[in-house]
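Coordinates as given in data31.tsv (TSV, C-alpha atoms and all ligand atoms):
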```
chain	number	residue	atom	x	y	z
L	1	MET	CA	-26.45	-44.50	-1.54
L	2	ASP	CA	-24.46	-41.32	-0.86
L	3	THR	CA	-21.43	-42.91	0.83
L	4	PHE	CA	-18.20	-41.15	-0.10
L	5	ASN	CA	-14.97	-42.60	1.29
L	6	PHE	CA	-11.67	-41.05	0.33
L	7	VAL	CA	-8.09	-41.89	1.04
L	8	ARG	CA	-5.09	-39.85	-0.11
L	9	TYR	CA	-2.34	-42.21	-1.22
L	10	THR	CA	1.39	-41.76	-1.53
L	11	PRO	CA	2.48	-43.70	-4.60
L	12	ARG	CA	5.65	-45.71	-4.33
L	13	GLY	CA	7.43	-48.32	-6.39
L	14	ARG	CA	8.66	-48.01	-9.94
L	15	LEU	CA	6.72	-48.09	-13.15
L	16	ASP	CA	9.54	-49.74	-15.04
L	17	GLY	CA	9.05	-53.00	-13.18
L	18	THR	CA	5.44	-53.27	-14.33
L	19	VAL	CA	3.58	-54.12	-17.56
L	20	PRO	CA	4.77	-51.56	-20.14
L	21	VAL	CA	1.85	-49.25	-20.96
L	22	GLY	CA	3.73	-46.09	-21.95
L	23	PRO	CA	3.75	-44.16	-25.23
L	24	ALA	CA	6.03	-46.59	-27.08
L	25	VAL	CA	3.66	-49.48	-26.44
L	26	ALA	CA	0.65	-47.30	-27.25
L	27	ASP	CA	2.14	-46.51	-30.68
L	28	THR	CA	2.34	-50.22	-31.47
L	29	VAL	CA	-1.09	-50.96	-30.06
L	30	SER	CA	-2.82	-48.14	-31.90
L	31	ARG	CA	-1.27	-49.29	-35.18
L	32	PHE	CA	-2.98	-52.64	-34.60
L	33	HIS	CA	-6.31	-50.99	-33.71
L	34	ARG	CA	-6.24	-48.82	-36.83
L	35	GLY	CA	-6.62	-52.02	-38.85
L	36	LEU	CA	-9.87	-53.00	-37.14
L	37	PRO	CA	-13.21	-52.49	-38.90
L	38	GLY	CA	-14.86	-49.26	-37.74
L	39	TYR	CA	-11.84	-47.92	-35.86
L	40	GLU	CA	-11.80	-44.19	-35.25
L	41	PRO	CA	-10.73	-42.18	-32.21
L	42	THR	CA	-13.65	-41.50	-29.88
L	43	PRO	CA	-14.54	-37.84	-29.19
L	44	LEU	CA	-12.96	-35.92	-26.34
L	45	VAL	CA	-15.74	-33.52	-25.34
L	46	GLU	CA	-14.88	-30.26	-23.58
L	47	LEU	CA	-17.64	-29.24	-21.17
L	48	SER	CA	-16.79	-25.56	-20.74
L	49	ALA	CA	-20.09	-24.39	-19.25
L	50	LEU	CA	-20.14	-27.22	-16.72
L	51	ALA	CA	-16.49	-26.55	-15.82
L	52	SER	CA	-17.20	-22.89	-15.03
L	53	LYS	CA	-20.33	-23.78	-13.08
L	54	LEU	CA	-18.29	-26.22	-10.98
L	55	GLY	CA	-15.40	-23.77	-10.51
L	56	LEU	CA	-12.93	-25.75	-12.62
L	57	GLY	CA	-10.59	-24.44	-15.30
L	58	ALA	CA	-11.63	-27.16	-17.76
L	59	LEU	CA	-13.49	-30.46	-17.83
L	60	TYR	CA	-12.90	-33.00	-20.59
L	61	VAL	CA	-14.91	-36.21	-20.98
L	62	LYS	CA	-13.86	-38.90	-23.44
L	63	ASP	CA	-16.97	-40.52	-24.89
L	64	GLU	CA	-16.38	-44.27	-25.23
L	65	SER	CA	-19.99	-44.96	-26.18
L	66	LYS	CA	-18.72	-44.34	-29.73
L	67	ARG	CA	-16.15	-47.19	-29.71
L	68	PHE	CA	-16.59	-49.65	-32.62
L	69	GLY	CA	-20.39	-49.32	-32.31
L	70	LEU	CA	-20.17	-51.42	-29.11
L	71	ASN	CA	-21.14	-48.69	-26.62
L	72	ALA	CA	-18.04	-49.14	-24.39
L	73	PHE	CA	-14.23	-49.02	-24.47
L	74	LYS	CA	-13.67	-52.65	-23.60
L	75	ALA	CA	-13.17	-54.15	-27.08
L	76	LEU	CA	-9.84	-52.32	-27.27
L	77	GLY	CA	-8.46	-54.84	-24.77
L	78	GLY	CA	-10.06	-58.07	-25.98
L	79	SER	CA	-9.27	-57.40	-29.64
L	80	TYR	CA	-5.61	-56.64	-28.92
L	81	ALA	CA	-5.19	-59.71	-26.70
L	82	ILE	CA	-6.85	-62.07	-29.18
L	83	GLY	CA	-5.15	-60.43	-32.15
L	84	THR	CA	-1.63	-60.58	-30.72
L	85	TYR	CA	-2.17	-64.11	-29.43
L	86	LEU	CA	-3.12	-65.27	-32.95
L	87	CYS	CA	-0.34	-63.24	-34.57
L	88	GLY	CA	2.07	-65.00	-32.21
L	89	ARG	CA	0.77	-68.41	-33.28
L	90	LEU	CA	1.13	-67.53	-36.95
L	91	GLY	CA	4.45	-65.69	-36.56
L	92	ILE	CA	3.16	-62.45	-38.15
L	93	PRO	CA	3.56	-58.88	-36.85
L	94	ALA	CA	0.68	-57.24	-34.95
L	95	ASP	CA	0.60	-54.17	-37.21
L	96	GLU	CA	-2.20	-52.37	-39.09
L	97	ASN	CA	-2.47	-55.25	-41.56
L	98	ALA	CA	-2.70	-57.91	-38.86
L	99	PHE	CA	-6.48	-58.01	-38.47
L	100	ALA	CA	-7.03	-58.46	-42.19
L	101	ARG	CA	-4.37	-61.19	-42.35
L	102	LEU	CA	-5.94	-62.99	-39.38
L	103	ARG	CA	-9.27	-63.06	-41.24
L	104	SER	CA	-7.77	-64.59	-44.36
L	105	PRO	CA	-8.57	-68.16	-45.47
L	106	GLU	CA	-4.85	-69.07	-45.06
L	107	ALA	CA	-4.90	-68.02	-41.39
L	108	ARG	CA	-8.13	-69.89	-40.87
L	109	GLU	CA	-6.66	-73.02	-42.40
L	110	LYS	CA	-3.58	-72.90	-40.18
L	111	LEU	CA	-5.46	-72.12	-36.96
L	112	GLY	CA	-8.70	-74.08	-37.37
L	113	GLU	CA	-11.64	-72.94	-35.26
L	114	LEU	CA	-10.55	-71.85	-31.79
L	115	THR	CA	-12.68	-71.14	-28.73
L	116	PHE	CA	-12.08	-68.06	-26.59
L	117	VAL	CA	-13.70	-68.03	-23.16
L	118	THR	CA	-14.23	-65.28	-20.61
L	119	ALA	CA	-16.29	-64.06	-17.66
L	120	THR	CA	-17.78	-60.59	-17.85
L	121	ASP	CA	-20.31	-58.20	-16.42
L	122	GLY	CA	-21.07	-57.15	-19.97
L	123	ASN	CA	-18.70	-54.95	-21.87
L	124	HIS	CA	-15.56	-57.08	-21.89
L	125	GLY	CA	-17.48	-60.16	-23.00
L	126	ARG	CA	-19.12	-58.19	-25.80
L	127	GLY	CA	-15.68	-57.11	-27.01
L	128	VAL	CA	-14.30	-60.66	-26.86
L	129	ALA	CA	-17.35	-62.08	-28.68
L	130	TRP	CA	-17.12	-59.33	-31.32
L	131	SER	CA	-13.41	-59.96	-31.91
L	132	ALA	CA	-13.83	-63.73	-32.04
L	133	ARG	CA	-16.73	-63.44	-34.50
L	134	LEU	CA	-14.85	-61.07	-36.81
L	135	LEU	CA	-11.90	-63.45	-36.83
L	136	GLY	CA	-14.08	-66.51	-37.46
L	137	HIS	CA	-13.65	-68.18	-34.06
L	138	ARG	CA	-15.99	-69.29	-31.26
L	139	SER	CA	-16.55	-67.60	-27.92
L	140	VAL	CA	-18.04	-68.74	-24.62
L	141	VAL	CA	-19.05	-66.07	-22.11
L	142	TYR	CA	-20.12	-66.47	-18.45
L	143	MET	CA	-21.93	-63.60	-16.72
L	144	PRO	CA	-22.55	-63.03	-13.01
L	145	LYS	CA	-25.96	-63.33	-11.39
L	146	GLY	CA	-28.08	-60.20	-11.63
L	147	THR	CA	-26.75	-59.24	-15.08
L	148	ALA	CA	-29.24	-57.08	-17.02
L	149	PRO	CA	-30.84	-59.17	-19.83
L	150	GLU	CA	-29.91	-56.49	-22.39
L	151	ARG	CA	-26.23	-57.04	-21.66
L	152	LEU	CA	-26.64	-60.79	-22.26
L	153	ASP	CA	-28.56	-60.15	-25.51
L	154	ASN	CA	-25.78	-57.88	-26.78
L	155	ILE	CA	-23.27	-60.71	-26.35
L	156	LEU	CA	-25.55	-63.35	-27.86
L	157	ALA	CA	-25.96	-61.02	-30.85
L	158	GLN	CA	-22.22	-61.38	-31.47
L	159	GLY	CA	-22.69	-65.15	-31.85
L	160	ALA	CA	-21.26	-66.11	-28.46
L	161	ASP	CA	-22.40	-69.05	-26.41
L	162	ALA	CA	-23.28	-66.77	-23.48
L	163	SER	CA	-25.18	-67.33	-20.25
L	164	ILE	CA	-25.98	-65.71	-16.90
L	165	THR	CA	-24.69	-67.89	-14.06
L	166	ASP	CA	-25.65	-67.92	-10.38
L	167	MET	CA	-22.14	-66.77	-9.40
L	168	VAL	CA	-20.71	-63.39	-8.39
L	169	TYR	CA	-18.22	-61.90	-10.83
L	170	ASP	CA	-15.04	-63.20	-9.17
L	171	ASP	CA	-16.43	-66.77	-9.04
L	172	ALA	CA	-17.52	-66.53	-12.69
L	173	VAL	CA	-13.88	-65.69	-13.52
L	174	ARG	CA	-12.69	-68.83	-11.68
L	175	HIS	CA	-15.32	-70.86	-13.53
L	176	ALA	CA	-14.18	-69.52	-16.92
L	177	ALA	CA	-10.57	-70.43	-16.04
L	178	ALA	CA	-11.63	-73.95	-15.02
L	179	MET	CA	-13.61	-74.45	-18.26
L	180	ALA	CA	-10.63	-73.24	-20.32
L	181	ALA	CA	-8.38	-75.78	-18.60
L	182	GLU	CA	-10.93	-78.58	-19.00
L	183	HIS	CA	-11.72	-78.01	-22.70
L	184	GLY	CA	-8.47	-76.58	-23.99
L	185	TRP	CA	-10.12	-73.20	-24.67
L	186	ILE	CA	-8.20	-69.92	-24.58
L	187	LEU	CA	-9.03	-67.81	-21.53
L	188	VAL	CA	-9.23	-64.10	-22.39
L	189	GLN	CA	-9.72	-62.60	-18.95
L	190	ASP	CA	-9.28	-58.91	-18.22
L	191	THR	CA	-7.73	-59.49	-14.82
L	192	ALA	CA	-4.48	-61.14	-13.75
L	193	TRP	CA	-3.49	-63.40	-10.91
L	194	PRO	CA	-0.18	-65.12	-10.17
L	195	GLY	CA	0.49	-67.49	-13.06
L	196	TYR	CA	-2.06	-65.85	-15.43
L	197	GLU	CA	-0.51	-62.68	-16.70
L	198	ASP	CA	0.26	-62.73	-20.39
L	199	ILE	CA	-3.27	-62.17	-21.77
L	200	PRO	CA	-4.34	-59.63	-19.11
L	201	ALA	CA	-1.14	-57.68	-19.76
L	202	ARG	CA	-2.06	-57.48	-23.47
L	203	ILE	CA	-5.60	-56.44	-22.56
L	204	MET	CA	-4.21	-53.60	-20.46
L	205	GLN	CA	-1.91	-52.62	-23.31
L	206	GLY	CA	-4.98	-52.59	-25.57
L	207	TYR	CA	-6.50	-49.84	-23.44
L	208	THR	CA	-3.51	-47.56	-24.07
L	209	THR	CA	-5.00	-46.61	-27.44
L	210	MET	CA	-7.75	-44.79	-25.54
L	211	ALA	CA	-5.24	-43.01	-23.28
L	212	GLN	CA	-3.13	-41.98	-26.26
L	213	GLU	CA	-6.14	-40.62	-28.16
L	214	ALA	CA	-7.13	-38.52	-25.13
L	215	ALA	CA	-3.63	-37.15	-24.56
L	216	ASP	CA	-3.18	-36.40	-28.28
L	217	ALA	CA	-6.42	-34.41	-28.30
L	218	LEU	CA	-5.19	-32.08	-25.53
L	219	ASP	CA	-2.60	-29.36	-26.00
L	220	ARG	CA	-1.19	-29.95	-22.50
L	221	PRO	CA	-1.65	-32.63	-19.84
L	222	PRO	CA	-4.68	-32.47	-17.57
L	223	THR	CA	-3.97	-31.62	-13.93
L	224	HIS	CA	-6.40	-34.27	-12.63
L	225	LEU	CA	-7.34	-37.67	-14.00
L	226	PHE	CA	-10.34	-39.55	-12.56
L	227	LEU	CA	-10.47	-43.25	-13.45
L	228	GLN	CA	-13.15	-45.75	-12.49
L	229	ALA	CA	-12.06	-49.25	-11.47
L	230	GLY	CA	-13.55	-52.71	-11.46
L	231	VAL	CA	-10.53	-55.02	-11.38
L	232	GLY	CA	-8.42	-51.93	-12.16
L	233	SER	CA	-6.94	-52.99	-15.52
L	234	MET	CA	-8.27	-49.91	-17.30
L	235	ALA	CA	-7.25	-47.53	-14.52
L	236	GLY	CA	-3.78	-49.07	-14.35
L	237	ALA	CA	-3.27	-48.87	-18.11
L	238	VAL	CA	-4.46	-45.26	-18.44
L	239	ALA	CA	-2.72	-44.00	-15.29
L	240	GLY	CA	0.49	-45.74	-16.38
L	241	TYR	CA	0.25	-44.24	-19.86
L	242	PHE	CA	-0.08	-40.69	-18.53
L	243	ALA	CA	2.73	-41.25	-16.01
L	244	GLY	CA	4.94	-42.63	-18.78
L	245	ARG	CA	4.12	-39.81	-21.18
L	246	TYR	CA	4.35	-36.87	-18.80
L	247	GLY	CA	6.70	-38.01	-15.99
L	248	ALA	CA	6.77	-35.39	-13.22
L	249	GLU	CA	4.09	-33.40	-15.11
L	250	ARG	CA	1.63	-36.27	-14.93
L	251	PRO	CA	-1.91	-35.53	-13.68
L	252	LEU	CA	-2.88	-36.19	-10.10
L	253	THR	CA	-4.67	-39.52	-10.47
L	254	VAL	CA	-7.75	-40.63	-8.53
L	255	VAL	CA	-9.30	-44.11	-8.71
L	256	VAL	CA	-13.08	-44.35	-8.18
L	257	GLU	CA	-15.09	-47.47	-7.22
L	258	PRO	CA	-18.56	-48.38	-5.92
L	259	ASP	CA	-18.56	-48.59	-2.12
L	260	SER	CA	-19.78	-52.20	-2.31
L	261	ALA	CA	-16.84	-53.26	-4.55
L	262	ASP	CA	-14.10	-51.16	-2.96
L	263	CYS	CA	-11.09	-53.49	-3.27
L	264	HIS	CA	-8.69	-50.76	-4.43
L	265	TYR	CA	-9.85	-48.33	-1.76
L	266	ARG	CA	-9.37	-51.02	0.91
L	267	THR	CA	-5.96	-51.96	-0.46
L	268	ALA	CA	-4.81	-48.32	-0.50
L	269	LYS	CA	-6.23	-47.63	2.94
L	270	ALA	CA	-4.59	-50.67	4.54
L	271	ASP	CA	-1.37	-49.87	2.67
L	272	ASP	CA	0.29	-52.98	4.07
L	273	GLY	CA	1.72	-54.46	0.88
L	274	SER	CA	-1.18	-56.94	0.44
L	275	LEU	CA	-4.22	-56.80	-1.80
L	276	HIS	CA	-7.56	-56.56	-0.02
L	277	ALA	CA	-10.78	-57.93	-1.47
L	278	ALA	CA	-14.16	-56.25	-1.07
L	279	ALA	CA	-16.50	-57.93	1.37
L	280	GLY	CA	-20.24	-58.54	1.14
L	281	PRO	CA	-22.71	-58.42	-1.75
L	282	MET	CA	-21.76	-56.21	-4.67
L	283	ASP	CA	-25.12	-54.60	-5.26
L	284	SER	CA	-24.18	-51.38	-7.04
L	285	MET	CA	-25.85	-50.42	-10.34
L	286	MET	CA	-22.31	-49.77	-11.63
L	287	ALA	CA	-22.19	-53.36	-12.94
L	288	GLY	CA	-18.89	-52.94	-14.80
L	289	LEU	CA	-17.20	-51.93	-11.55
L	290	CYS	CA	-18.63	-54.72	-9.37
L	291	CYS	CA	-15.40	-56.67	-9.02
L	292	GLY	CA	-14.18	-57.69	-5.58
L	293	GLU	CA	-10.54	-58.56	-6.28
L	294	PRO	CA	-7.93	-56.23	-7.80
L	295	CYS	CA	-5.94	-57.24	-10.87
L	296	THR	CA	-2.42	-57.95	-9.57
L	297	LEU	CA	-0.68	-56.42	-12.60
L	298	SER	CA	-2.62	-53.17	-12.57
L	299	TRP	CA	-2.21	-52.72	-8.82
L	300	ASP	CA	1.56	-52.67	-9.40
L	301	ILE	CA	1.03	-49.69	-11.72
L	302	LEU	CA	-1.56	-47.92	-9.59
L	303	SER	CA	0.57	-48.23	-6.46
L	304	ALA	CA	3.31	-46.41	-8.40
L	305	CYS	CA	1.17	-43.58	-9.78
L	306	ALA	CA	-2.24	-43.19	-8.11
L	307	ASP	CA	-2.69	-40.36	-5.60
L	308	GLY	CA	-6.15	-40.98	-4.20
L	309	PHE	CA	-8.88	-43.61	-3.98
L	310	ILE	CA	-12.63	-43.03	-3.63
L	311	ALA	CA	-15.36	-45.56	-2.85
L	312	CYS	CA	-18.81	-44.07	-3.38
L	313	GLY	CA	-22.49	-44.89	-3.52
L	314	ASP	CA	-24.70	-45.07	-6.60
L	315	LYS	CA	-25.88	-41.48	-6.07
L	316	TYR	CA	-22.67	-40.19	-7.64
L	317	SER	CA	-23.07	-42.37	-10.69
L	318	ALA	CA	-26.71	-41.27	-11.12
L	319	ASP	CA	-25.73	-37.61	-10.71
L	320	GLY	CA	-23.00	-38.06	-13.32
L	321	MET	CA	-25.42	-39.72	-15.78
L	322	ARG	CA	-27.85	-36.80	-15.45
L	323	LEU	CA	-25.14	-34.13	-15.62
L	324	LEU	CA	-23.79	-35.61	-18.85
L	325	ALA	CA	-27.24	-36.21	-20.36
L	326	ARG	CA	-28.39	-32.65	-19.67
L	327	PRO	CA	-25.28	-30.50	-19.64
L	328	CYS	CA	-25.16	-26.73	-19.07
L	329	GLY	CA	-25.26	-23.99	-21.69
L	330	ALA	CA	-23.84	-24.88	-25.05
L	331	ASP	CA	-22.05	-28.04	-23.84
L	332	ALA	CA	-22.76	-31.17	-25.90
L	333	PRO	CA	-24.72	-33.97	-24.20
L	334	ILE	CA	-23.08	-37.36	-23.61
L	335	VAL	CA	-25.00	-40.61	-23.17
L	336	SER	CA	-23.12	-42.12	-20.25
L	337	GLY	CA	-24.05	-45.31	-18.40
L	338	GLU	CA	-23.65	-46.26	-14.75
L	339	SER	CA	-19.96	-47.20	-14.80
L	340	GLY	CA	-19.11	-44.49	-17.31
L	341	ALA	CA	-20.57	-41.49	-15.49
L	342	VAL	CA	-19.37	-42.03	-11.95
L	343	THR	CA	-16.08	-40.16	-12.34
L	344	THR	CA	-17.82	-37.03	-13.65
L	345	GLY	CA	-20.36	-37.33	-10.84
L	346	VAL	CA	-17.56	-37.60	-8.29
L	347	ALA	CA	-15.54	-34.68	-9.71
L	348	ALA	CA	-18.66	-32.49	-9.69
L	349	ALA	CA	-19.51	-33.48	-6.10
L	350	ILE	CA	-15.99	-32.68	-4.88
L	351	MET	CA	-16.37	-29.16	-6.29
L	352	THR	CA	-19.84	-28.52	-4.92
L	353	GLU	CA	-20.58	-30.56	-1.77
L	354	GLU	CA	-19.70	-28.75	1.43
L	355	ARG	CA	-18.88	-31.99	3.27
L	356	LEU	CA	-16.31	-32.86	0.57
L	357	ALA	CA	-14.32	-29.63	1.02
L	358	PRO	CA	-11.46	-31.59	2.68
L	359	VAL	CA	-11.28	-33.88	-0.38
L	360	LYS	CA	-11.19	-30.85	-2.68
L	361	GLU	CA	-8.35	-29.43	-0.66
L	362	ALA	CA	-6.44	-32.71	-0.44
L	363	LEU	CA	-6.61	-33.02	-4.25
L	364	GLY	CA	-5.84	-29.34	-4.84
L	365	MET	CA	-8.87	-28.83	-7.10
L	366	ASP	CA	-9.72	-25.23	-7.99
L	367	GLU	CA	-10.42	-22.85	-10.88
L	368	THR	CA	-7.05	-23.65	-12.43
L	369	SER	CA	-7.68	-27.43	-12.57
L	370	ARG	CA	-8.09	-29.18	-15.90
L	371	VAL	CA	-9.92	-32.42	-15.22
L	372	LEU	CA	-10.09	-35.46	-17.50
L	373	CYS	CA	-12.76	-38.15	-17.03
L	374	ILE	CA	-13.51	-41.09	-19.29
L	375	SER	CA	-17.12	-42.02	-19.90
L	376	THR	CA	-16.28	-45.68	-20.42
L	377	GLU	CA	-19.75	-46.77	-21.54
L	378	GLY	CA	-22.98	-45.47	-22.99
L	379	ASP	CA	-26.46	-46.73	-22.09
L	380	THR	CA	-25.57	-50.43	-21.96
L	381	ASP	CA	-28.65	-51.05	-19.75
L	382	ARG	CA	-31.22	-48.83	-21.45
L	383	ALA	CA	-34.04	-49.56	-19.00
L	384	ASN	CA	-31.93	-48.40	-16.07
L	385	TYR	CA	-30.58	-45.45	-18.05
L	386	ARG	CA	-34.13	-44.22	-18.72
L	387	LYS	CA	-35.08	-44.74	-15.09
L	388	VAL	CA	-32.10	-42.77	-13.78
L	389	VAL	CA	-32.05	-39.97	-16.34
L	390	TYR	CA	-35.73	-39.50	-17.18
L	391	GLY	CA	-37.38	-41.03	-14.09
L	392	GLU	CA	-39.31	-43.47	-16.34
L	401	LIG	C1	-17.99	-49.45	-18.59
L	401	LIG	C2	-16.85	-49.92	-17.76
L	401	LIG	N1	-16.07	-49.01	-17.19
L	401	LIG	C3	-15.01	-49.37	-16.44
L	401	LIG	C4	-14.72	-50.71	-16.23
L	401	LIG	C5	-13.58	-51.04	-15.34
L	401	LIG	O1	-12.54	-51.71	-15.97
L	401	LIG	P1	-11.59	-52.64	-15.12
L	401	LIG	O2	-12.36	-53.85	-14.74
L	401	LIG	O3	-10.44	-52.89	-15.99
L	401	LIG	O4	-11.24	-51.89	-13.88
L	401	LIG	C6	-15.52	-51.69	-16.82
L	401	LIG	C7	-15.24	-53.11	-16.64
L	401	LIG	O5	-15.94	-53.98	-17.07
L	401	LIG	C8	-16.61	-51.29	-17.61
L	401	LIG	O6	-17.41	-52.18	-18.20
```

Would you encode the structure as structure tokens?
Ligand SMILES: Cc1ncc(COP(=O)(O)O)c(C=O)c1O
Amino acid sequence: MDTFNFVRYTPRGRLDGTVPVGPAVADTVSRFHRGLPGYEPTPLVELSALASKLGLGALYVKDESKRFGLNAFKALGGSYAIGTYLCGRLGIPADENAFARLRSPEAREKLGELTFVTATDGNHGRGVAWSARLLGHRSVVYMPKGTAPERLDNILAQGADASITDMVYDDAVRHAAAMAAEHGWILVQDTAWPGYEDIPARIMQGYTTMAQEAADALDRPPTHLFLQAGVGSMAGAVAGYFAGRYGAERPLTVVVEPDSADCHYRTAKADDGSLHAAAGPMDSMMAGLCCGEPCTLSWDILSACADGFIACGDKYSADGMRLLARPCGADAPIVSGESGAVTTGVAAAIMTEERLAPVKEALGMDETSRVLCISTEGDTDRANYRKVVYGE
């Protein structure tokens, strides 16, 4: 429960050989997102009272529970991948008018009804189903065993043909790929493997809108960036964006995972040029982060610009959920779910737990640090949220 493993990492390799996720791409991507119904930048909340209590210079939390009314950031990726895929088929630009053009009767006539398929622990599938529905297409969504029923219901509500399987996440991904091949469906998976890279690269690029919004809301770069990882696509995209935008001034970047799904931590610790999968059952409540195999494309970025990796128990996620729900002083509360809150929980623990003093020192965190965390989801499992935050 309170495991906390840390490894300091020396990044190597070059960003320019990886998927482009820098400011130029983010400009293009955010133009596309501006054309989506309900688009507006999510709030970047400054928690000044909590920062001074923790001994930090500043703490910023980006609240992705406000994204498109979907309670998580993930639709940024699925919508961009589906949108640009369809734009490519129609030969139209993926600009701010693209979404409206893709919904037109002419587009529908040319494309017919397509089926998009994916595997998801909740948020990505909801974003894919939402995008497919808005564009008048079908979606099929496979979920791993143990998925909270509320997360399934949210996807069914978007009109998807969705089901909870008896597979772990990584096997559900293989199943979705096999079904796509068998039925001629389009696989929209948020992780890459050799030979399947185009769509996951666009999904990662989709996340750069979130990174750009956060950077634009700050008057100077943060000194520390904490990013949670499942397959790592989000962490890779955001870390790569900040590295591209700020170069040598980029924030020190730390990737955070559940200890039972610690594939990035293991890969960084082994540091032998191979990717290492997590072993054993992935039983963390951080469902969005329960992925055992890193995304190959995002690892290329993280290995070039991540400085530390943490694998921790659910305690840190629960602490983060409570800290954000009941903040200090005049700070605004944030509804942050299991996968969303863990980075804030970890940053707070580093500043306050005696046993983590070596981590604090290794990361150079002190009263001059300006820390950025992203609360990537709200209360996507409300029963568990109430249990953790209110003890109900
Ligand atoms: C809320 C939330 N945060 C973070 C992540 C991690 O994203 P990635 O799998 O790209 O590492 C996910 C993935 O599903 C998620 O749902």

Query raised in the report: For the atom pair atom CA of L:Val19 and atom CA of L:Leu76, what is the interatomic distance in Å to one decimal place?
Result: 16.7 Å

Requested in this report: Using all atoms listed in the file, determine which residues fall within 9 Å of ligand LIG 401 (chain L), then list them as a PyMOL selection string.
Outcome: chain L and resi 64+71-74+120-125+190-191+203-204+207+227-237+257+286-291+294-295+298+337-341+374-378+380

Those selected residues, please, written with C-alpha atoms and delivered as a PDB file, in the frame of the given file.
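Generated output (selection_28.pdb):
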```pdb
ATOM      1  CA  GLU L  64     -16.380 -44.270 -25.230  1.00  0.00           C
ATOM      2  CA  ASN L  71     -21.140 -48.690 -26.620  1.00  0.00           C
ATOM      3  CA  ALA L  72     -18.040 -49.140 -24.390  1.00  0.00           C
ATOM      4  CA  PHE L  73     -14.230 -49.020 -24.470  1.00  0.00           C
ATOM      5  CA  LYS L  74     -13.670 -52.650 -23.600  1.00  0.00           C
ATOM      6  CA  THR L 120     -17.780 -60.590 -17.850  1.00  0.00           C
ATOM      7  CA  ASP L 121     -20.310 -58.200 -16.420  1.00  0.00           C
ATOM      8  CA  GLY L 122     -21.070 -57.150 -19.970  1.00  0.00           C
ATOM      9  CA  ASN L 123     -18.700 -54.950 -21.870  1.00  0.00           C
ATOM     10  CA  HIS L 124     -15.560 -57.080 -21.890  1.00  0.00           C
ATOM     11  CA  GLY L 125     -17.480 -60.160 -23.000  1.00  0.00           C
ATOM     12  CA  ASP L 190      -9.280 -58.910 -18.220  1.00  0.00           C
ATOM     13  CA  THR L 191      -7.730 -59.490 -14.820  1.00  0.00           C
ATOM     14  CA  ILE L 203      -5.600 -56.440 -22.560  1.00  0.00           C
ATOM     15  CA  MET L 204      -4.210 -53.600 -20.460  1.00  0.00           C
ATOM     16  CA  TYR L 207      -6.500 -49.840 -23.440  1.00  0.00           C
ATOM     17  CA  LEU L 227     -10.470 -43.250 -13.450  1.00  0.00           C
ATOM     18  CA  GLN L 228     -13.150 -45.750 -12.490  1.00  0.00           C
ATOM     19  CA  ALA L 229     -12.060 -49.250 -11.470  1.00  0.00           C
ATOM     20  CA  GLY L 230     -13.550 -52.710 -11.460  1.00  0.00           C
ATOM     21  CA  VAL L 231     -10.530 -55.020 -11.380  1.00  0.00           C
ATOM     22  CA  GLY L 232      -8.420 -51.930 -12.160  1.00  0.00           C
ATOM     23  CA  SER L 233      -6.940 -52.990 -15.520  1.00  0.00           C
ATOM     24  CA  MET L 234      -8.270 -49.910 -17.300  1.00  0.00           C
ATOM     25  CA  ALA L 235      -7.250 -47.530 -14.520  1.00  0.00           C
ATOM     26  CA  GLY L 236      -3.780 -49.070 -14.350  1.00  0.00           C
ATOM     27  CA  ALA L 237      -3.270 -48.870 -18.110  1.00  0.00           C
ATOM     28  CA  GLU L 257     -15.090 -47.470  -7.220  1.00  0.00           C
ATOM     29  CA  MET L 286     -22.310 -49.770 -11.630  1.00  0.00           C
ATOM     30  CA  ALA L 287     -22.190 -53.360 -12.940  1.00  0.00           C
ATOM     31  CA  GLY L 288     -18.890 -52.940 -14.800  1.00  0.00           C
ATOM     32  CA  LEU L 289     -17.200 -51.930 -11.550  1.00  0.00           C
ATOM     33  CA  CYS L 290     -18.630 -54.720  -9.370  1.00  0.00           C
ATOM     34  CA  CYS L 291     -15.400 -56.670  -9.020  1.00  0.00           C
ATOM     35  CA  PRO L 294      -7.930 -56.230  -7.800  1.00  0.00           C
ATOM     36  CA  CYS L 295      -5.940 -57.240 -10.870  1.00  0.00           C
ATOM     37  CA  SER L 298      -2.620 -53.170 -12.570  1.00  0.00           C
ATOM     38  CA  GLY L 337     -24.050 -45.310 -18.400  1.00  0.00           C
ATOM     39  CA  GLU L 338     -23.650 -46.260 -14.750  1.00  0.00           C
ATOM     40  CA  SER L 339     -19.960 -47.200 -14.800  1.00  0.00           C
ATOM     41  CA  GLY L 340     -19.110 -44.490 -17.310  1.00  0.00           C
ATOM     42  CA  ALA L 341     -20.570 -41.490 -15.490  1.00  0.00           C
ATOM     43  CA  ILE L 374     -13.510 -41.090 -19.290  1.00  0.00           C
ATOM     44  CA  SER L 375     -17.120 -42.020 -19.900  1.00  0.00           C
ATOM     45  CA  THR L 376     -16.280 -45.680 -20.420  1.00  0.00           C
ATOM     46  CA  GLU L 377     -19.750 -46.770 -21.540  1.00  0.00           C
ATOM     47  CA  GLY L 378     -22.980 -45.470 -22.990  1.00  0.00           C
ATOM     48  CA  THR L 380     -25.570 -50.430 -21.960  1.00  0.00           C
TER      49      THR L 380
END
```

Report task. Counting all atoms listed in the file, write as a PyMOL selection string all protein and nucleic acid residues lying at most 10 Å from (-3.7, -34.6, -23.6) in the file's frame. Result -> chain L and resi 44+60+211-222+242+245-246+372

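Here atom CA of L:Ala160 stands at a distance of 12.8 Å from atom CA of L:Leu135.
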
Once 6 Å is added on each side, what are the centre and the three edge lengths, in Å to one decimal, of the axis-aligned box enclosing the listed atoms of stretch 133-152 of chain L? Present them as JSON.
```
{"center_x": -21.4, "center_y": -62.9, "center_z": -24.4, "size_x": 30.9, "size_y": 24.8, "size_z": 38.1}
```
